[in-house]
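Peer 1: Sharing a structure below in structure tokens format, with a few things to ask.
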Amino acid sequence: MYDYYINRSVREMPGFRPEPDKPQSYEAVKDCLLEAAENGPVFFKDMGYYVVPRIFEDKDFAMRLTSTFLIRDPVKSIPSYFKLDPELTSEEIGLEKQWRLFDWVHQVRGDIPLVLDADLVQRDTEGTMAAYWKALDLPFLDHAFQWSVADMPDDWKQVEAWHQKAKASTSIKPVEDNAKVREKFELAAAKEPKLHELLSYHRPFYEKLRTFALGA
């Protein structure tokens, strides 16, 4: 995020309050991760478009990662994103770059990366997460499905405006009815017709990724 929005200044991200002590370039962020990895496993979550195509030139680093992909139906993610940032770009929807990164990781590593579909996580949270943890040889954590409002990660403070609903939650909510989801999309698209173009462009990438999702 720092490399994309601060170092390269691709565009300004609304609600982003950068912290001055954070590494800002791709190389500096990578060095920070590798330094942390000297003391044990490191988990980090980021958007594919931050590093694609840069990471394609960094195969050695990519080979050290266990990449997994969390996807969300664009009929849900697009209006959600638009509500917070009406100037969003097609790249920031993210699904095209997720697919390109997934396909590249598959080619260079030879295995198929894990994919989590947010709908399936909502529909069967414990079952889907149990399968995910098992695939990564991680223990099942029964306390991970409930949390306190006070448990917000410190790193969220710099993008707190993007996590208001999550910050107020205490568990993963059930999946929404498809008709309500479509209604919300059409209401958003009535204000901004380009949302239909974004959905048409990105849905094929979502569908490709979804065929590899755990439990699909």
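To be explicit about the labels: the chains of the structure tokens are called A, B, and onward in the order shown, and within each one the residues are counted from 1, while ligands get numbers from 1 in the order they are shown.
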So that I can see what lies close to Phe185 of chain A, please list as a list in words the residues with an atom at most 9 Å from it, counting only C-alpha atoms and leaving out residues fewer than 5 positions away in the same chain.
Peer 2: Val75, Lys76, Ile78, Pro79, Ser80, Lys180, Ala190, Leu195 and His196 of chain A
Peer 1: Give me a file of those residues, with N, CA and C atoms, as a short mmCIF file (atom, residue, chain, number, x, y, z; two decimals), in the first residue's frame.
Peer 2:
```cif
data_model
loop_
_atom_site.label_atom_id
_atom_site.label_comp_id
_atom_site.auth_asym_id
_atom_site.auth_seq_id
_atom_site.Cartn_x
_atom_site.Cartn_y
_atom_site.Cartn_z
N VAL A 75 -19.96 -8.15 -7.42
CA VAL A 75 -21.26 -7.50 -7.30
C VAL A 75 -21.43 -6.95 -5.87
N LYS A 76 -20.64 -7.47 -4.94
CA LYS A 76 -20.63 -6.95 -3.56
C LYS A 76 -19.49 -5.97 -3.34
N ILE A 78 -17.66 -4.12 -5.45
CA ILE A 78 -17.61 -2.88 -6.23
C ILE A 78 -18.44 -1.76 -5.59
N PRO A 79 -19.74 -1.98 -5.27
CA PRO A 79 -20.48 -0.89 -4.63
C PRO A 79 -19.95 -0.54 -3.24
N SER A 80 -19.42 -1.54 -2.54
CA SER A 80 -18.83 -1.28 -1.22
C SER A 80 -17.63 -0.35 -1.35
N LYS A 180 -31.03 -9.18 -2.50
CA LYS A 180 -30.68 -7.95 -1.80
C LYS A 180 -29.33 -7.42 -2.28
N ALA A 190 -26.98 3.11 -10.32
CA ALA A 190 -27.86 4.19 -10.78
C ALA A 190 -27.17 5.54 -10.60
N LEU A 195 -20.11 1.41 -12.88
CA LEU A 195 -20.04 0.21 -12.05
C LEU A 195 -20.43 -1.03 -12.83
N HIS A 196 -21.35 -0.89 -13.77
CA HIS A 196 -21.71 -2.02 -14.63
C HIS A 196 -20.50 -2.44 -15.49
#
```
Peer 1: Tell me, counting only C-alpha atoms, for each residue of segment 7-126 of chain A within 12 Å of segment 145-154 of chain A, which pair of atoms is nearest and how far apart they are in Å to one decimal, in rows ordered by chain and increasing number, as CSV.
Peer 2:
```
residue,atom,partner,partner_atom,distance
A:Glu19,CA,A:Asp154,CA,11.6
A:Val121,CA,A:Phe145,CA,11.1
A:Gln122,CA,A:Phe145,CA,11.1
A:Asp124,CA,A:Phe145,CA,11.4
A:Thr125,CA,A:Phe145,CA,7.9
A:Glu126,CA,A:Phe145,CA,7.7
```
Peer 1: From the list A:Trp104, A:Lys83, A:Ala161, A:Ser200, which residue is nearest Glu57 of chain A when using only C-alpha atoms?
Peer 2: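 Using only C-alpha atoms, Glu57 of chain A sits closest to A:Trp104.
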Peer 1: I need the alpha helix (DSSP H) residues of segment 24-168 of chain A per DSSP on the backbone, written as a ChimeraX atom specification.
Peer 2: /A:26-37,59-63,74-84,90-93,95-109,118-123,125-135,164-168
Peer 1: Determine which residues of segment 21-204 of chain A receive a DSSP assignment of strand (DSSP E), computed from the backbone, and state them as a ChimeraX atom specification.
Peer 2: /A:68-71,114-117
Peer 1: Can those selected residues be exported to a file as a PDB file, in the first residue's frame so that it contains C-alpha atoms?
Peer 2:
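New file out-v6.pdb:
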```
ATOM      1  CA  THR A  68      -3.264 -17.649  -0.669  1.00  0.00           C
ATOM      2  CA  PHE A  69      -6.025 -15.603  -2.277  1.00  0.00           C
ATOM      3  CA  LEU A  70      -9.166 -14.187  -0.653  1.00  0.00           C
ATOM      4  CA  ILE A  71     -11.796 -13.286  -3.237  1.00  0.00           C
ATOM      5  CA  LEU A 114      -5.168 -21.793  -1.908  1.00  0.00           C
ATOM      6  CA  VAL A 115      -8.233 -19.664  -2.647  1.00  0.00           C
ATOM      7  CA  LEU A 116     -10.825 -18.566  -0.091  1.00  0.00           C
ATOM      8  CA  ASP A 117     -14.180 -17.302  -1.370  1.00  0.00           C
TER       9      ASP A 117
END
```
